[in-house]
Amino acid sequence: MNTETITFENENSVIQKDSTVVRMEHLKKSFGNNHVLRDINLVINKGENVVILGQSGTGKSVLIKCIVGLEDIDEGELEILGENFAELNNKQLIEIRKKIGFLFQSGALYDSMTVRENLEFPLRRKSESISKDKMNELVIEALHNVGLDEAINKSPSELSGGMRKRLGLARTLILKPEIMLYDEPTTGLDPITSKEISNLILEVQKKYNTSSVIITHDIECARLTGNRIIILKEGICTTEGTYEELERSEDQWIRSFFE
Amino acid sequence: MIKHNLIKYFNKFKKLYLHQSNDQLNDVDTNQENFSEINLNSLLNKFFLEVTSIATFTFRFFKEVIKPPYEFNELIKQSFLIGYKSFPLIAITGFIIGLVLTIQTRPTLAKFGAQSWLPAMVAVSIIREIGPVITALIFAGKVGSGIGAELASMKVTEQIDAMQVSDTNPFKYLVVTRVVSATFMLPILVVLSDAIALCGSYVGVNIKGNVSTYLFVTQIFQSLEFQDILPAVIKTFFFGFAIGLIGCYEGYNSNKGTEGVGKSANSAVVFASLMVFIIDMMAVQITSLFQN
């Protein structure tokens, strides 16, 4: 990672240009004959929220799964926090993963555990020596951050869609990651809850100065959360810019996302 | 020639099990012989891919089971869920099997005036064969399908991916613990089930007779030998291992979607039950080899 930083503040956070946390060059990924990612070139800076827009099946989710190592890349270069992914051994990969948070589309809560156990699970995996009191403190803080203080002893099946998303976010944030990956965070939620989740994403960015990649079809979420928007088309990042720039694009296809 | 015969048998199979008429098959034979070859090839490919996949999965299990860190807490939790929670069902089934077997056997023995052999005969049947096999089948239905459905739904809802992201080896956490639990819990359940089945048998004997507990127990112990009990218990470890492994394999490799959850649960029960019979057959052969 480049240590020389030129910082500027936007209304949400401090984005450090020239301080790259994710860099992809000519990244390719196929499933059999299905070439999902054809040539991805992407840079994400420290403290920046990048929204990726695109039609269904263009490889948005695959892209963020490559970042966290859930999918192996076929070709190209992927650098996370200054480390080349291809050169990492298993131990180093685990260390990098600890710095990345992933909010799954469904929340991916462990149904067999209570809300408290869901939050304790990543903490136990990270450090076995963590005391019970410290763990309790972190769990309560994480739930408080997402406004779920009351749900601590409930099971995931008792929670609403919005609450599940918040709990998923709390579970991810409890490890204080440097990079956050959001896979369609507002899908299936009503407009009010969607806005609440978008505001939470902004709060996370502001509070922890995380860099985020947000995959979404929700244009309001993109407007609220994104410092930069990238359009993915047929496995290639075709266009990028701010919300306002892309909204005024001359390309009718790009404008159609914002209508 | 071999290929021709294979195609012939494949068509016979389709006729029998896929209900295709002779005309349909003749059409395929005369007009599209290549079609049969392609079908046969794809079927064989699928079969060998599946066998390779199961072998790889089993090999990975043995690799992960010896490699630290060990998931002791999850192992204890799974042993409780798999063993303790299955006990009521196994107990009821065992009691009924012992009772029914005794009642059904009595008339045949009575014809030969051999009613006094009833406790001994039932005990040998239960300990050697019926107890382990019936318990394993019930276990496959409850635990095998449960594991298959649970892991498949975890895959569908991305919980397995979430574990991987949370610095957890999902194979070790989910598969190894469940397979080890199933392997060690089934023999315990079988021993308990055998004991309960003998209690059922005692009730069955006394419905139309009057045999004291002391006489019943003495007859049982006189009829049983060490070589009746040990092989029967040893094979249950293999039953448990197969049931756990097949359940985990089907769930862990489930296709995405809710349909996959049902299919995984179903396949887990079917293949695990089949494996129980295959292992039983092999165990009987091996045991008789040593006895001779």
# chains A, B, ... in the order shown; residues from 1 in each chain; ligands from 1
call {"tool": "interface_residues", "arguments": {"of": "chain B", "to": "chain A", "cutoff": "9 Å", "atoms": "only C-alpha atoms", "output": "number ranges by chain"}}
result
B: 154, 157-168
call {"tool": "write_last_selection", "arguments": {"atoms": "all heavy atoms", "output": "tab-separated table (two decimals), in the first residue's frame"}}
result
chain	number	residue	atom	x	y	z
B	154	MET	N	-27.64	-24.49	4.62
B	154	MET	CA	-26.55	-23.57	4.98
B	154	MET	C	-25.82	-23.10	3.73
B	154	MET	O	-25.37	-21.96	3.65
B	154	MET	CB	-25.55	-24.25	5.92
B	154	MET	CG	-26.05	-24.37	7.34
B	154	MET	SD	-24.82	-25.04	8.44
B	154	MET	CE	-23.89	-23.59	8.84
B	157	THR	N	-28.14	-20.56	1.81
B	157	THR	CA	-28.23	-19.25	2.44
B	157	THR	C	-26.85	-18.63	2.72
B	157	THR	O	-26.73	-17.72	3.52
B	157	THR	CB	-29.03	-19.34	3.77
B	157	THR	OG1	-28.42	-20.35	4.57
B	157	THR	CG2	-30.48	-19.69	3.54
B	158	GLU	N	-25.85	-19.14	2.06
B	158	GLU	CA	-24.47	-18.61	2.09
B	158	GLU	C	-23.82	-18.67	3.48
B	158	GLU	O	-22.84	-17.98	3.73
B	158	GLU	CB	-24.44	-17.17	1.56
B	158	GLU	CG	-24.87	-17.04	0.11
B	158	GLU	CD	-24.95	-15.61	-0.36
B	158	GLU	OE1	-25.66	-14.83	0.29
B	158	GLU	OE2	-24.29	-15.26	-1.35
B	159	GLN	N	-24.37	-19.50	4.37
B	159	GLN	CA	-23.78	-19.59	5.72
B	159	GLN	C	-22.39	-20.24	5.68
B	159	GLN	O	-21.52	-19.90	6.48
B	159	GLN	CB	-24.69	-20.39	6.64
B	159	GLN	CG	-25.97	-19.65	7.01
B	159	GLN	CD	-26.90	-20.51	7.85
B	159	GLN	OE1	-26.51	-21.06	8.86
B	159	GLN	NE2	-28.15	-20.62	7.44
B	160	ILE	N	-22.21	-21.16	4.73
B	160	ILE	CA	-20.89	-21.82	4.62
B	160	ILE	C	-19.85	-20.81	4.13
B	160	ILE	O	-18.74	-20.76	4.65
B	160	ILE	CB	-21.00	-23.07	3.70
B	160	ILE	CG1	-21.85	-24.13	4.41
B	160	ILE	CG2	-19.61	-23.62	3.36
B	160	ILE	CD1	-22.07	-25.41	3.65
B	161	ASP	N	-20.26	-19.97	3.17
B	161	ASP	CA	-19.35	-18.90	2.69
B	161	ASP	C	-19.03	-17.95	3.84
B	161	ASP	O	-17.89	-17.50	3.99
B	161	ASP	CB	-20.00	-18.11	1.55
B	161	ASP	CG	-19.96	-18.87	0.24
B	161	ASP	OD1	-19.20	-19.86	0.16
B	161	ASP	OD2	-20.67	-18.49	-0.70
B	162	ALA	N	-20.06	-17.62	4.64
B	162	ALA	CA	-19.86	-16.69	5.76
B	162	ALA	C	-18.85	-17.25	6.76
B	162	ALA	O	-18.04	-16.52	7.32
B	162	ALA	CB	-21.19	-16.40	6.44
B	163	MET	N	-18.90	-18.57	6.97
B	163	MET	CA	-17.94	-19.20	7.88
B	163	MET	C	-16.53	-19.08	7.35
B	163	MET	O	-15.60	-18.78	8.08
B	163	MET	CB	-18.28	-20.69	8.02
B	163	MET	CG	-19.19	-20.95	9.15
B	163	MET	SD	-19.40	-22.67	9.42
B	163	MET	CE	-20.72	-22.54	10.61
B	164	GLN	N	-16.41	-19.31	6.05
B	164	GLN	CA	-15.09	-19.23	5.42
B	164	GLN	C	-14.51	-17.82	5.57
B	164	GLN	O	-13.33	-17.67	5.84
B	164	GLN	CB	-15.24	-19.58	3.95
B	164	GLN	CG	-14.05	-20.33	3.40
B	164	GLN	CD	-14.33	-20.90	2.03
B	164	GLN	OE1	-15.46	-21.24	1.72
B	164	GLN	NE2	-13.31	-21.00	1.22
B	165	VAL	N	-15.38	-16.83	5.41
B	165	VAL	CA	-14.94	-15.45	5.55
B	165	VAL	C	-14.56	-15.15	7.00
B	165	VAL	O	-13.67	-14.35	7.26
B	165	VAL	CB	-16.05	-14.48	5.04
B	165	VAL	CG1	-15.70	-13.05	5.32
B	165	VAL	CG2	-16.27	-14.68	3.56
B	166	SER	N	-15.24	-15.82	7.95
B	166	SER	CA	-14.97	-15.59	9.38
B	166	SER	C	-13.79	-16.42	9.87
B	166	SER	O	-13.78	-16.84	11.03
B	166	SER	CB	-16.18	-15.96	10.23
B	166	SER	OG	-17.29	-15.29	9.82
B	167	ASP	N	-12.85	-16.73	8.99
B	167	ASP	CA	-11.63	-17.42	9.41
B	167	ASP	C	-11.93	-18.81	9.99
B	167	ASP	O	-11.32	-19.25	10.95
B	167	ASP	CB	-10.90	-16.53	10.44
B	167	ASP	CG	-9.56	-17.10	10.85
B	167	ASP	OD1	-9.04	-17.92	10.10
B	167	ASP	OD2	-9.06	-16.73	11.93
B	168	THR	N	-12.94	-19.48	9.44
B	168	THR	CA	-13.30	-20.82	9.91
B	168	THR	C	-13.24	-21.78	8.73
B	168	THR	O	-13.69	-21.43	7.64
B	168	THR	CB	-14.74	-20.83	10.47
B	168	THR	OG1	-14.79	-19.85	11.50
B	168	THR	CG2	-15.13	-22.17	11.05
call {"tool": "closest_atom_pairs", "arguments": {"of": "segment 241-276 of chain B", "to": "segment 135-139 of chain B", "cutoff": "12 Å", "atoms": "only C-alpha atoms", "output": "CSV"}}
result
residue,atom,partner,partner_atom,distance
B:Phe241,CA,B:Ala136,CA,10.7
B:Ala242,CA,B:Ala136,CA,10.1
B:Ile243,CA,B:Phe139,CA,8.0
B:Gly244,CA,B:Phe139,CA,9.7
B:Gly247,CA,B:Phe139,CA,11.2
B:Ala268,CA,B:Phe139,CA,11.4
B:Val269,CA,B:Leu137,CA,8.5
B:Val270,CA,B:Leu137,CA,9.9
B:Phe271,CA,B:Leu137,CA,10.9
B:Ala272,CA,B:Leu137,CA,8.1
B:Ser273,CA,B:Leu137,CA,5.8
B:Leu274,CA,B:Leu137,CA,9.2
B:Met275,CA,B:Leu137,CA,9.9
B:Val276,CA,B:Ala136,CA,7.0
call {"tool": "closest_residue", "arguments": {"among": "A:Thr193, A:Ser198, A:Asn118, A:Thr210", "to": "Met180 of chain A", "atoms": "only C-alpha atoms"}}
result
A:Thr210
call {"tool": "residues_around", "arguments": {"residues": "Val146 of chain A", "least_positions_apart": "5", "cutoff": "8 Å", "atoms": "only C-alpha atoms", "output": "PyMOL selection string"}}
result
chain A and resi 166-167+169-170+200
call {"tool": "write_last_selection", "arguments": {"atoms": "N, CA, C and O atoms", "output": "PDB file, in the first residue's frame"}}
result
ATOM      1  N   ARG A 166     -29.180  -5.961   9.408  1.00  0.00           N
ATOM      2  CA  ARG A 166     -28.432  -5.199  10.424  1.00  0.00           C
ATOM      3  C   ARG A 166     -27.565  -6.110  11.260  1.00  0.00           C
ATOM      4  O   ARG A 166     -26.436  -5.775  11.592  1.00  0.00           O
ATOM      5  N   LEU A 167     -28.133  -7.277  11.607  1.00  0.00           N
ATOM      6  CA  LEU A 167     -27.360  -8.212  12.420  1.00  0.00           C
ATOM      7  C   LEU A 167     -26.154  -8.736  11.626  1.00  0.00           C
ATOM      8  O   LEU A 167     -25.047  -8.860  12.158  1.00  0.00           O
ATOM      9  N   LEU A 169     -24.626  -7.118   9.397  1.00  0.00           N
ATOM     10  CA  LEU A 169     -23.672  -6.002   9.380  1.00  0.00           C
ATOM     11  C   LEU A 169     -22.919  -5.930  10.714  1.00  0.00           C
ATOM     12  O   LEU A 169     -21.696  -5.761  10.739  1.00  0.00           O
ATOM     13  N   ALA A 170     -23.672  -6.101  11.808  1.00  0.00           N
ATOM     14  CA  ALA A 170     -23.038  -6.057  13.139  1.00  0.00           C
ATOM     15  C   ALA A 170     -22.006  -7.178  13.273  1.00  0.00           C
ATOM     16  O   ALA A 170     -20.915  -6.966  13.801  1.00  0.00           O
ATOM     17  N   LEU A 200     -26.646   3.353   7.658  1.00  0.00           N
ATOM     18  CA  LEU A 200     -25.706   2.553   8.462  1.00  0.00           C
ATOM     19  C   LEU A 200     -24.381   2.384   7.724  1.00  0.00           C
ATOM     20  O   LEU A 200     -23.309   2.456   8.324  1.00  0.00           O
TER      21      LEU A 200
END
call {"tool": "closest_residue", "arguments": {"among": "A:Asp183, A:Glu247, A:Leu173, A:Leu189", "to": "Ser160 of chain A", "atoms": "only C-alpha atoms"}}
result
A:Leu189
call {"tool": "residues_around", "arguments": {"residues": "segment 61-64 of chain A", "least_positions_apart": "6", "cutoff": "8 Å", "atoms": "only C-alpha atoms", "output": "NGL selection string"}}
result
:A and (36-37 or 71 or 181 or 183 or 213 or 215)
call {"tool": "select_by_dssp", "arguments": {"residues": "segment 31-217 of chain A", "states": "alpha helix (DSSP H)", "output": "count of residues only"}}
result
74
call {"tool": "residues_around", "arguments": {"residues": "Ser212 of chain A", "least_positions_apart": "4", "cutoff": "10 Å", "atoms": "only C-alpha atoms", "output": "PyMOL selection string"}}
result
chain A and resi 21-22+44-51+100-102+178-182+201-202+204-205+225-227
call {"tool": "residues_around", "arguments": {"residues": "segment 108-118 of chain B", "least_positions_apart": "2", "cutoff": "12 Å", "atoms": "only C-alpha atoms", "output": "VMD selection string"}}
result
chain B and resid 98 to 99 101 to 106 120 to 125 198 201 to 202 204 to 206 208 to 211 215 to 220 222 to 223
call {"tool": "atom_distance", "arguments": {"atom1": "atom CA of Ile54 of chain B", "atom2": "atom CA of Tyr249 of chain B"}}
result
7.3 Å
call {"tool": "atom_distance", "arguments": {"atom1": "atom CA of Phe87 of chain B", "atom2": "atom CA of Ala152 of chain B"}}
result
24.5 Å
call {"tool": "atom_distance", "arguments": {"atom1": "atom CA of Pro68 of chain B", "atom2": "atom CA of Ile174 of chain A"}}
result
25.7 Å
call {"tool": "residues_around", "arguments": {"residues": "segment 73-90 of chain A", "least_positions_apart": "2", "cutoff": "8 Å", "atoms": "only C-alpha atoms", "output": "list in words"}}
result
Met1, Asn2, Thr20, Val21, Val22, Arg23, Met24, Glu25, His26, Leu27, Lys28, Lys29, Ser30, Cys66, Ile67, Glu71, Gln92, Leu93, Ile94 and Ile96 of chain A
